[in-house]
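Reproduced below: target27.pdb, with PDB, C-alpha atoms, pLDDT in the B column.
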ATOM      1  CA  PRO A 282       0.000   0.000   0.000  1.00 71.00           C
ATOM      2  CA  GLY A 283       1.229   3.485  -0.855  1.00 78.00           C
ATOM      3  CA  ALA A 284       3.999   2.165  -3.113  1.00 82.00           C
ATOM      4  CA  THR A 285       4.686   3.465  -6.634  1.00 83.00           C
ATOM      5  CA  VAL A 286       5.989   0.985  -9.204  1.00 81.00           C
ATOM      6  CA  ARG A 287       6.720   1.098 -12.912  1.00 80.00           C
ATOM      7  CA  PHE A 288       4.826  -1.900 -14.223  1.00 75.00           C
ATOM      8  CA  ALA A 289       4.820  -1.440 -17.998  1.00 78.00           C
ATOM      9  CA  LYS A 290       6.482   0.291 -20.935  1.00 82.00           C
ATOM     10  CA  VAL A 291       4.065   1.214 -23.701  1.00 80.00           C
ATOM     11  CA  THR A 292       5.320   1.504 -27.298  1.00 84.00           C
ATOM     12  CA  TYR A 293       3.177   2.755 -30.171  1.00 78.00           C
ATOM     13  CA  ARG A 294       4.271   2.042 -33.732  1.00 80.00           C
ATOM     14  CA  GLY A 295       2.754   4.165 -36.454  1.00 77.00           C
ATOM     15  CA  GLY A 296       0.777   2.424 -39.158  1.00 77.00           C
ATOM     16  CA  ASN A 297      -1.779   4.555 -40.956  1.00 78.00           C
ATOM     17  CA  GLU A 298      -0.934   8.224 -41.495  1.00 77.00           C
ATOM     18  CA  GLY A 299      -2.908  10.831 -39.613  1.00 79.00           C
ATOM     19  CA  PRO A 300      -4.344  11.297 -36.098  1.00 82.00           C
ATOM     20  CA  GLN A 301      -4.753   8.062 -34.153  1.00 83.00           C
ATOM     21  CA  GLU A 302      -6.342   7.458 -30.790  1.00 84.00           C
ATOM     22  CA  GLY A 303      -7.631   4.665 -28.620  1.00 85.00           C
ATOM     23  CA  LYS A 304      -7.684   3.251 -25.114  1.00 86.00           C
ATOM     24  CA  LEU A 305      -5.592   0.769 -23.175  1.00 83.00           C
ATOM     25  CA  GLN A 306      -7.439  -1.362 -20.669  1.00 81.00           C
ATOM     26  CA  LEU A 307      -5.767  -2.139 -17.355  1.00 79.00           C
ATOM     27  CA  ILE A 308      -7.434  -4.944 -15.422  1.00 79.00           C
ATOM     28  CA  ILE A 309      -6.644  -5.192 -11.708  1.00 77.00           C
ATOM     29  CA  ASN A 310      -7.646  -7.677  -9.018  1.00 74.00           C
ATOM     30  CA  ASN A 311     -10.364  -5.521  -7.551  1.00 69.00           C
ATOM     31  CA  THR A 312     -13.588  -7.270  -6.538  1.00 66.00           C
ATOM     32  CA  ASP A 313     -15.565  -4.192  -7.522  1.00 68.00           C
ATOM     33  CA  ALA A 314     -16.473  -4.709 -11.182  1.00 61.00           C
ATOM     34  CA  VAL A 315     -16.702  -0.954 -11.745  1.00 61.00           C
ATOM     35  CA  THR A 316     -13.137  -0.159 -10.701  1.00 65.00           C
ATOM     36  CA  ALA A 317     -11.513  -3.454 -11.752  1.00 71.00           C
ATOM     37  CA  THR A 318     -10.894  -2.090 -15.257  1.00 79.00           C
ATOM     38  CA  LEU A 319      -9.045   1.169 -15.880  1.00 76.00           C
ATOM     39  CA  ALA A 320      -9.171   2.848 -19.301  1.00 81.00           C
ATOM     40  CA  LEU A 321      -6.021   4.690 -20.329  1.00 83.00           C
ATOM     41  CA  PRO A 322      -6.643   6.893 -23.402  1.00 86.00           C
ATOM     42  CA  TYR A 323      -3.835   7.511 -25.894  1.00 84.00           C
ATOM     43  CA  LYS A 324      -3.437   9.538 -29.045  1.00 86.00           C
ATOM     44  CA  ALA A 325      -0.749  10.031 -31.659  1.00 84.00           C
ATOM     45  CA  ARG A 326      -0.229  11.752 -34.995  1.00 79.00           C
ATOM     46  CA  VAL A 327       1.458   9.518 -37.550  1.00 79.00           C
ATOM     47  CA  LEU A 328       3.439  11.140 -40.366  1.00 78.00           C
ATOM     48  CA  TYR A 329       4.975   9.482 -43.408  1.00 79.00           C
ATOM     49  CA  GLY A 330       8.461  10.639 -44.314  1.00 82.00           C
ATOM     50  CA  SER A 331      12.062  10.859 -43.161  1.00 84.00           C
ATOM     51  CA  LEU A 332      15.093  13.087 -43.024  1.00 87.00           C
ATOM     52  CA  GLY A 333      17.417  12.337 -45.907  1.00 89.00           C
ATOM     53  CA  PHE A 334      21.218  12.531 -45.790  1.00 89.00           C
ATOM     54  CA  MET A 335      24.204  11.210 -47.743  1.00 88.00           C
ATOM     55  CA  SER A 336      25.586   8.198 -45.856  1.00 87.00           C
ATOM     56  CA  GLU A 337      29.061   8.558 -47.387  1.00 86.00           C
ATOM     57  CA  ARG A 338      29.347  11.929 -45.625  1.00 90.00           C
ATOM     58  CA  THR A 339      28.843  10.257 -42.238  1.00 93.00           C
ATOM     59  CA  ARG A 340      31.760   7.800 -42.486  1.00 93.00           C
ATOM     60  CA  PHE A 341      35.155   8.669 -41.001  1.00 94.00           C
ATOM     61  CA  HIS A 342      38.477   6.862 -41.428  1.00 91.00           C
ATOM     62  CA  SER A 343      40.547   6.304 -38.277  1.00 89.00           C
ATOM     63  CA  GLY A 344      43.766   4.352 -38.628  1.00 81.00           C
ATOM     64  CA  PRO A 345      47.492   4.424 -37.827  1.00 81.00           C
ATOM     65  CA  GLY A 346      49.097   7.590 -39.135  1.00 77.00           C
ATOM     66  CA  ARG A 347      45.776   9.386 -39.612  1.00 80.00           C
ATOM     67  CA  ASN A 348      46.127  12.007 -36.896  1.00 84.00           C
ATOM     68  CA  GLY A 349      44.127  15.181 -37.172  1.00 87.00           C
ATOM     69  CA  THR A 350      40.630  16.490 -37.767  1.00 92.00           C
ATOM     70  CA  THR A 351      38.275  15.597 -40.603  1.00 93.00           C
ATOM     71  CA  SER A 352      35.487  18.135 -41.170  1.00 94.00           C
ATOM     72  CA  ARG A 353      32.413  17.498 -43.260  1.00 93.00           C
ATOM     73  CA  PRO A 354      29.165  19.410 -43.796  1.00 94.00           C
ATOM     74  CA  LEU A 355      25.963  17.501 -43.097  1.00 93.00           C
ATOM     75  CA  VAL A 356      23.261  18.256 -45.652  1.00 93.00           C
ATOM     76  CA  ILE A 357      19.725  17.297 -44.595  1.00 91.00           C
ATOM     77  CA  SER A 358      16.620  16.906 -46.784  1.00 93.00           C
ATOM     78  CA  ASN A 359      13.068  17.076 -45.457  1.00 92.00           C
ATOM     79  CA  ASN A 360      11.128  14.166 -46.957  1.00 92.00           C
ATOM     80  CA  PHE A 361       8.074  14.749 -44.751  1.00 89.00           C
ATOM     81  CA  ASN A 362       4.938  16.488 -45.974  1.00 89.00           C
ATOM     82  CA  ASP A 363       5.158  18.929 -43.043  1.00 89.00           C
ATOM     83  CA  PRO A 364       7.725  21.605 -42.118  1.00 93.00           C
ATOM     84  CA  ILE A 365      10.412  20.445 -39.690  1.00 93.00           C
ATOM     85  CA  VAL A 366      12.179  22.580 -37.094  1.00 94.00           C
ATOM     86  CA  ILE A 367      15.593  21.272 -35.956  1.00 94.00           C
ATOM     87  CA  ASN A 368      15.807  22.337 -32.316  1.00 94.00           C
ATOM     88  CA  ARG A 369      18.867  20.495 -31.071  1.00 94.00           C
ATOM     89  CA  ALA A 370      21.830  18.392 -32.213  1.00 95.00           C
ATOM     90  CA  ARG A 371      24.106  16.322 -29.961  1.00 95.00           C
ATOM     91  CA  ILE A 372      26.705  13.539 -30.098  1.00 96.00           C
ATOM     92  CA  ASP A 373      27.802  11.607 -27.007  1.00 95.00           C
ATOM     93  CA  ASP A 374      31.272  10.889 -28.362  1.00 95.00           C
ATOM     94  CA  PRO A 375      34.411  12.889 -27.434  1.00 94.00           C
ATOM     95  CA  ASN A 376      35.924  12.253 -30.878  1.00 94.00           C
ATOM     96  CA  PHE A 377      33.178  14.292 -32.559  1.00 96.00           C
ATOM     97  CA  GLN A 378      32.327  17.956 -32.344  1.00 95.00           C
ATOM     98  CA  ILE A 379      29.432  19.883 -33.891  1.00 95.00           C
ATOM     99  CA  SER A 380      29.999  23.322 -35.382  1.00 93.00           C
ATOM    100  CA  ARG A 381      28.024  25.745 -37.574  1.00 92.00           C
ATOM    101  CA  PHE A 382      24.746  24.300 -36.286  1.00 92.00           C
ATOM    102  CA  ALA A 383      21.769  26.261 -37.614  1.00 83.00           C
ATOM    103  CA  ARG A 384      19.646  25.968 -34.460  1.00 88.00           C
ATOM    104  CA  ASN A 385      15.871  26.154 -34.984  1.00 90.00           C
ATOM    105  CA  ALA A 386      16.341  25.865 -38.730  1.00 88.00           C
ATOM    106  CA  VAL A 387      13.008  25.379 -40.522  1.00 92.00           C
ATOM    107  CA  LEU A 388      12.940  22.904 -43.409  1.00 93.00           C
ATOM    108  CA  GLN A 389       9.953  23.092 -45.687  1.00 95.00           C
ATOM    109  CA  PRO A 390       8.733  19.861 -47.346  1.00 94.00           C
ATOM    110  CA  GLY A 391      11.245  18.848 -50.000  1.00 93.00           C
ATOM    111  CA  GLU A 392      13.817  21.442 -48.879  1.00 95.00           C
ATOM    112  CA  THR A 393      17.535  20.656 -48.438  1.00 93.00           C
ATOM    113  CA  VAL A 394      19.831  22.642 -46.131  1.00 92.00           C
ATOM    114  CA  ASP A 395      23.425  22.584 -44.952  1.00 92.00           C
ATOM    115  CA  LEU A 396      22.499  21.968 -41.309  1.00 93.00           C
ATOM    116  CA  LEU A 397      25.833  21.654 -39.503  1.00 94.00           C
ATOM    117  CA  GLN A 398      29.474  20.629 -39.715  1.00 95.00           C
ATOM    118  CA  LEU A 399      30.834  17.395 -38.222  1.00 95.00           C
ATOM    119  CA  ASP A 400      34.413  17.514 -36.931  1.00 96.00           C
ATOM    120  CA  PHE A 401      35.989  14.103 -36.261  1.00 95.00           C
ATOM    121  CA  VAL A 402      39.333  13.948 -34.428  1.00 93.00           C
ATOM    122  CA  SER A 403      41.429  10.847 -35.168  1.00 89.00           C
ATOM    123  CA  ASN A 404      44.219  10.026 -32.715  1.00 85.00           C
ATOM    124  CA  GLY A 405      45.963   7.631 -35.085  1.00 83.00           C
ATOM    125  CA  THR A 406      44.541   4.394 -33.681  1.00 86.00           C
ATOM    126  CA  ALA A 407      42.543   1.788 -35.588  1.00 86.00           C
ATOM    127  CA  ALA A 408      38.885   2.135 -34.627  1.00 89.00           C
ATOM    128  CA  LEU A 409      35.689   0.493 -35.823  1.00 91.00           C
ATOM    129  CA  TYR A 410      32.426   1.602 -34.232  1.00 94.00           C
ATOM    130  CA  THR A 411      29.171   3.492 -34.767  1.00 95.00           C
ATOM    131  CA  THR A 412      27.818   6.393 -32.754  1.00 96.00           C
ATOM    132  CA  ASP A 413      24.691   8.494 -33.250  1.00 96.00           C
ATOM    133  CA  LEU A 414      24.045  12.105 -34.111  1.00 96.00           C
ATOM    134  CA  GLU A 415      20.749  12.868 -32.351  1.00 95.00           C
ATOM    135  CA  LEU A 416      18.483  15.526 -33.833  1.00 94.00           C
ATOM    136  CA  THR A 417      15.512  16.837 -31.854  1.00 93.00           C
ATOM    137  CA  THR A 418      12.725  18.247 -34.014  1.00 93.00           C
ATOM    138  CA  ASN A 419       9.155  19.455 -33.658  1.00 91.00           C
ATOM    139  CA  ILE A 420       8.017  16.066 -34.974  1.00 85.00           C
ATOM    140  CA  THR A 421      10.245  13.507 -33.297  1.00 80.00           C
ATOM    141  CA  ALA A 422      13.787  12.672 -32.195  1.00 84.00           C
ATOM    142  CA  LEU A 423      15.873  11.264 -35.030  1.00 86.00           C
ATOM    143  CA  LYS A 424      19.222   9.463 -34.993  1.00 91.00           C
ATOM    144  CA  ILE A 425      21.787   9.543 -37.794  1.00 93.00           C
ATOM    145  CA  PRO A 426      24.506   6.854 -37.506  1.00 94.00           C
ATOM    146  CA  LEU A 427      28.108   8.070 -37.719  1.00 96.00           C
ATOM    147  CA  GLU A 428      30.449   5.261 -38.731  1.00 95.00           C
ATOM    148  CA  VAL A 429      34.147   5.211 -37.808  1.00 94.00           C
ATOM    149  CA  PHE A 430      36.242   2.605 -39.634  1.00 93.00           C
ATOM    150  CA  HIS A 431      39.897   1.527 -39.833  1.00 90.00           C
ATOM    151  CA  GLY A 432      39.943   0.153 -43.401  1.00 87.00           C
ATOM    152  CA  ARG A 433      41.572  -3.138 -42.409  1.00 87.00           C
ATOM    153  CA  LEU A 434      40.598  -6.608 -43.571  1.00 87.00           C
ATOM    154  CA  HIS A 435      40.406  -9.758 -41.469  1.00 86.00           C
ATOM    155  CA  CYS A 436      41.716 -13.092 -42.743  1.00 84.00           C
ATOM    156  CA  GLN A 437      41.153 -16.726 -41.907  1.00 82.00           C
ATOM    157  CA  ALA A 438      43.488 -19.289 -43.438  1.00 79.00           C
ATOM    158  CA  ASP A 439      42.825 -23.021 -43.316  1.00 75.00           C
ATOM    159  CA  HIS A 440      40.043 -22.786 -40.667  1.00 73.00           C
ATOM    160  CA  ARG A 441      42.250 -20.936 -38.200  1.00 76.00           C
ATOM    161  CA  GLN A 442      41.025 -18.021 -36.091  1.00 79.00           C
ATOM    162  CA  LEU A 443      39.824 -14.903 -37.921  1.00 78.00           C
ATOM    163  CA  THR A 444      42.349 -12.129 -37.250  1.00 81.00           C
ATOM    164  CA  ASP A 445      43.627  -8.884 -38.745  1.00 82.00           C
ATOM    165  CA  CYS A 446      45.246  -9.732 -42.100  1.00 78.00           C
ATOM    166  CA  SER A 447      48.369  -7.749 -41.189  1.00 76.00           C
ATOM    167  CA  GLU A 448      48.845  -9.946 -38.120  1.00 75.00           C
ATOM    168  CA  ALA A 449      47.415 -13.265 -39.315  1.00 67.00           C
ATOM    169  CA  ASP A 450      49.421 -16.394 -40.026  1.00 71.00           C
ATOM    170  CA  LEU A 451      48.548 -16.899 -43.694  1.00 73.00           C
ATOM    171  CA  ALA A 452      50.894 -19.831 -44.357  1.00 74.00           C
ATOM    172  CA  LEU A 453      49.062 -22.621 -46.208  1.00 73.00           C
ATOM    173  CA  ASP A 454      50.449 -26.054 -45.380  1.00 73.00           C
ATOM    174  CA  PHE A 455      49.476 -28.520 -48.105  1.00 75.00           C
ATOM    175  CA  GLY A 456      51.346 -31.361 -46.421  1.00 78.00           C
ATOM    176  CA  THR A 457      52.861 -34.182 -48.486  1.00 83.00           C
ATOM    177  CA  ILE A 458      51.187 -34.766 -51.841  1.00 84.00           C
ATOM    178  CA  SER A 459      51.999 -37.037 -54.752  1.00 84.00           C
ATOM    179  CA  VAL A 460      52.833 -35.930 -58.273  1.00 87.00           C
ATOM    180  CA  GLY A 461      49.672 -34.914 -60.099  1.00 83.00           C
ATOM    181  CA  GLU A 462      47.607 -34.746 -56.913  1.00 83.00           C
ATOM    182  CA  GLY A 463      45.631 -31.593 -56.129  1.00 82.00           C
ATOM    183  CA  ARG A 464      44.738 -30.374 -52.661  1.00 79.00           C
ATOM    184  CA  GLN A 465      42.672 -27.328 -51.727  1.00 81.00           C
ATOM    185  CA  LYS A 466      43.078 -24.834 -48.930  1.00 76.00           C
ATOM    186  CA  PHE A 467      40.781 -21.887 -48.279  1.00 79.00           C
ATOM    187  CA  LEU A 468      41.584 -18.274 -47.449  1.00 81.00           C
ATOM    188  CA  ASN A 469      38.593 -16.269 -46.171  1.00 83.00           C
ATOM    189  CA  ILE A 470      38.758 -12.475 -46.147  1.00 86.00           C
ATOM    190  CA  THR A 471      36.189 -10.424 -44.216  1.00 88.00           C
ATOM    191  CA  ASN A 472      35.539  -6.704 -44.625  1.00 89.00           C
ATOM    192  CA  ASN A 473      33.889  -5.288 -41.496  1.00 88.00           C
ATOM    193  CA  ASN A 474      34.197  -1.720 -42.754  1.00 89.00           C
ATOM    194  CA  PRO A 475      31.148   0.230 -43.987  1.00 88.00           C
ATOM    195  CA  VAL A 476      33.000   0.979 -47.254  1.00 88.00           C
ATOM    196  CA  ASN A 477      34.386  -1.164 -50.065  1.00 87.00           C
ATOM    197  CA  VAL A 478      38.015  -2.271 -49.783  1.00 84.00           C
ATOM    198  CA  SER A 479      39.719  -3.253 -53.048  1.00 83.00           C
ATOM    199  CA  ILE A 480      42.132  -6.216 -53.235  1.00 80.00           C
ATOM    200  CA  GLU A 481      44.597  -5.241 -55.932  1.00 79.00           C
ATOM    201  CA  ASN A 482      46.707  -8.383 -55.998  1.00 75.00           C
ATOM    202  CA  LEU A 483      47.265 -11.671 -54.157  1.00 68.00           C
TER     203      LEU A 483
END
Write the structure described by the file as structure tokens, please.
Amino acid sequence: PGATVRFAKVTYRGGNEGPQEGKLQLIINNTDAVTATLALPYKARVLYGSLGFMSERTRFHSGPGRNGTTSRPLVISNNFNDPIVINRARIDDPNFQISRFARNAVLQPGETVDLLQLDFVSNGTAALYTTDLELTTNITALKIPLEVFHGRLHCQADHRQLTDCSEADLALDFGTISVGEGRQKFLNITNNNPVNVSIENL
């Protein structure tokens, strides 16, 4: 008695466009039939659309010898049928900084603007991870993935452990074979980077 508990998390996923509303029914173990069911009204406005951006502008190379800052403008397109106001932009990553942010910029439907500049600081170490640029708007909170990659490939020779190709033991031991006999060994190469990596020769 008297306690407050969080008993549920309610998620609404938009389906049909436009205003939506309804009621959630909460049934409790009350012997009084009148108060045993609680009606929780909800409403939402569902919009079709998205914020468009060029994914290649949100990828940053971080590897040995690449010390310094990479700066790129982030161009955003409003693909909603309603105007969008960008109220806030934030990144919870010390390697990124936001500059030239046009706070409270209004994007009309179909409009494209240079919203901000992303500054990525590489300390010369190989890194592979994704962090989010969070944009708060008058419609919803949106996340744009920022991908940091090292450009390295990983190799696996003859069913051994998958490791960095520059550190892997790639020796293929075919053992003792007779003249005219053929024996196969496999070399698997994995690219975990968000960009293509070309193999020029083997």
Applying 9 Å and only C-alpha atoms, which residues near Thr471 of chain A remain after dropping the ones on its own chain fewer than 2 positions away? List them as a ChimeraX atom specification. /A:434-437,443,469,473
Which residues fall under the PyMOL selection byres ((chain A and resi 478) around 9) in this file, as a PyMOL selection string? chain A and resi 432-434+472+474+476-477+479-480
Check the smallest atom-to-atom distance from each of A:Ile372, A:Asn359, A:Val327, A:Ile308 to Gly296 of chain A using only C-alpha atoms, then report the winner.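 Ranked by minimum distance to Gly296 of chain A, first place goes to A:Val327.
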Step by step, work through what the PyMOL selection byres ((chain A and resi 408) around 10) selects in the shown file, and finish by giving those residues as number ranges by chain. A: 341-345, 403-407, 409-411, 428-433
Once the PyMOL selection byres ((chain A and resi 396) around 6) has been evaluated on this model, what residues remain selected, and can you format them as a VMD selection string? chain A and resid 355 to 356 382 to 383 394 to 395 397
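Of the listed residues (A:Leu451, A:Cys446, A:Ile357, A:Ile379), A:Ile379 comes nearest to Val402 of chain A; the distances count only C-alpha atoms.
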In Å and to one decimal, atom CA of Ala422 of chain A is distant from atom CA of Gln398 of chain A by 19.1 Å
Please determine an axis-aligned box that encloses all atoms of segment 338-351 of chain A listed in the file, with 5 Å added on each side, and express its centre and edge lengths in Å to one decimal as lines of an AutoDock Vina configuration file.
center_x = 39.0
center_y = 10.4
center_z = -41.3
size_x = 30.3
size_y = 22.1
size_z = 18.7
So which one's closest to Thr292 of chain A, A:Leu305, A:Thr393, A:Asp439, A:Ser331? Using only C-alpha atoms, please.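 Comparing A:Leu305, A:Thr393, A:Asp439, A:Ser331 against Thr292 of chain A, the winner is A:Leu305.
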Tell me which protein, DNA and RNA residues are within 8 Å of Ala438 of chain A, counting only C-alpha atoms, leaving out same-chain ones fewer than 6 positions away, and put them as a PyMOL selection string. chain A and resi 450-453+466-469
Output file for the selection above: C-alpha atoms, as an mmCIF file, in the coordinates of the input:
data_model
loop_
_atom_site.group_PDB
_atom_site.id
_atom_site.type_symbol
_atom_site.label_atom_id
_atom_site.label_comp_id
_atom_site.auth_asym_id
_atom_site.auth_seq_id
_atom_site.Cartn_x
_atom_site.Cartn_y
_atom_site.Cartn_z
ATOM 1 C CA ASP A 450 49.421 -16.394 -40.026
ATOM 2 C CA LEU A 451 48.548 -16.899 -43.694
ATOM 3 C CA ALA A 452 50.894 -19.831 -44.357
ATOM 4 C CA LEU A 453 49.062 -22.621 -46.208
ATOM 5 C CA LYS A 466 43.078 -24.834 -48.930
ATOM 6 C CA PHE A 467 40.781 -21.887 -48.279
ATOM 7 C CA LEU A 468 41.584 -18.274 -47.449
ATOM 8 C CA ASN A 469 38.593 -16.269 -46.171
#
For Lys424 of chain A, list every protein, DNA or RNA residue within 6 Å, evaluated using only C-alpha atoms, and leave out those in the same chain fewer than 6 positions away; present the list as a compact mmCIF listing (two decimals) with C-alpha atoms, in the coordinates of the input.
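In the end it all went to around38.txt:
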# COMPACT_ATOMS: atom_id res chain seq x y z
CA ASP A 413 24.69 8.49 -33.25
CA LEU A 414 24.04 12.10 -34.11
CA GLU A 415 20.75 12.87 -32.35
Counting all atoms listed in the file, which residues have an atom no more than 10 Å from (5.8, 16.4, -48.9) in the file's coordinates? Please list them as a compact mmCIF listing (two decimals) with C-alpha atoms, in the coordinates of the input.
# COMPACT_ATOMS: atom_id res chain seq x y z
CA TYR A 329 4.97 9.48 -43.41
CA GLY A 330 8.46 10.64 -44.31
CA ASN A 359 13.07 17.08 -45.46
CA ASN A 360 11.13 14.17 -46.96
CA PHE A 361 8.07 14.75 -44.75
CA ASN A 362 4.94 16.49 -45.97
CA ASP A 363 5.16 18.93 -43.04
CA PRO A 364 7.72 21.60 -42.12
CA GLN A 389 9.95 23.09 -45.69
CA PRO A 390 8.73 19.86 -47.35
CA GLY A 391 11.24 18.85 -50.00
CA GLU A 392 13.82 21.44 -48.88
Straight-line distance linking atom CA of Ala317 of chain A with atom CA of Arg294 of chain A, stated in Å to one decimal: 27.6 Å
Pick from A:Gly461, A:Phe288, A:Gly283, A:Thr421: nearest to Asn368 of chain A, with only C-alpha atoms counted?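 Of all the options, A:Thr421 lies closest to Asn368 of chain A.
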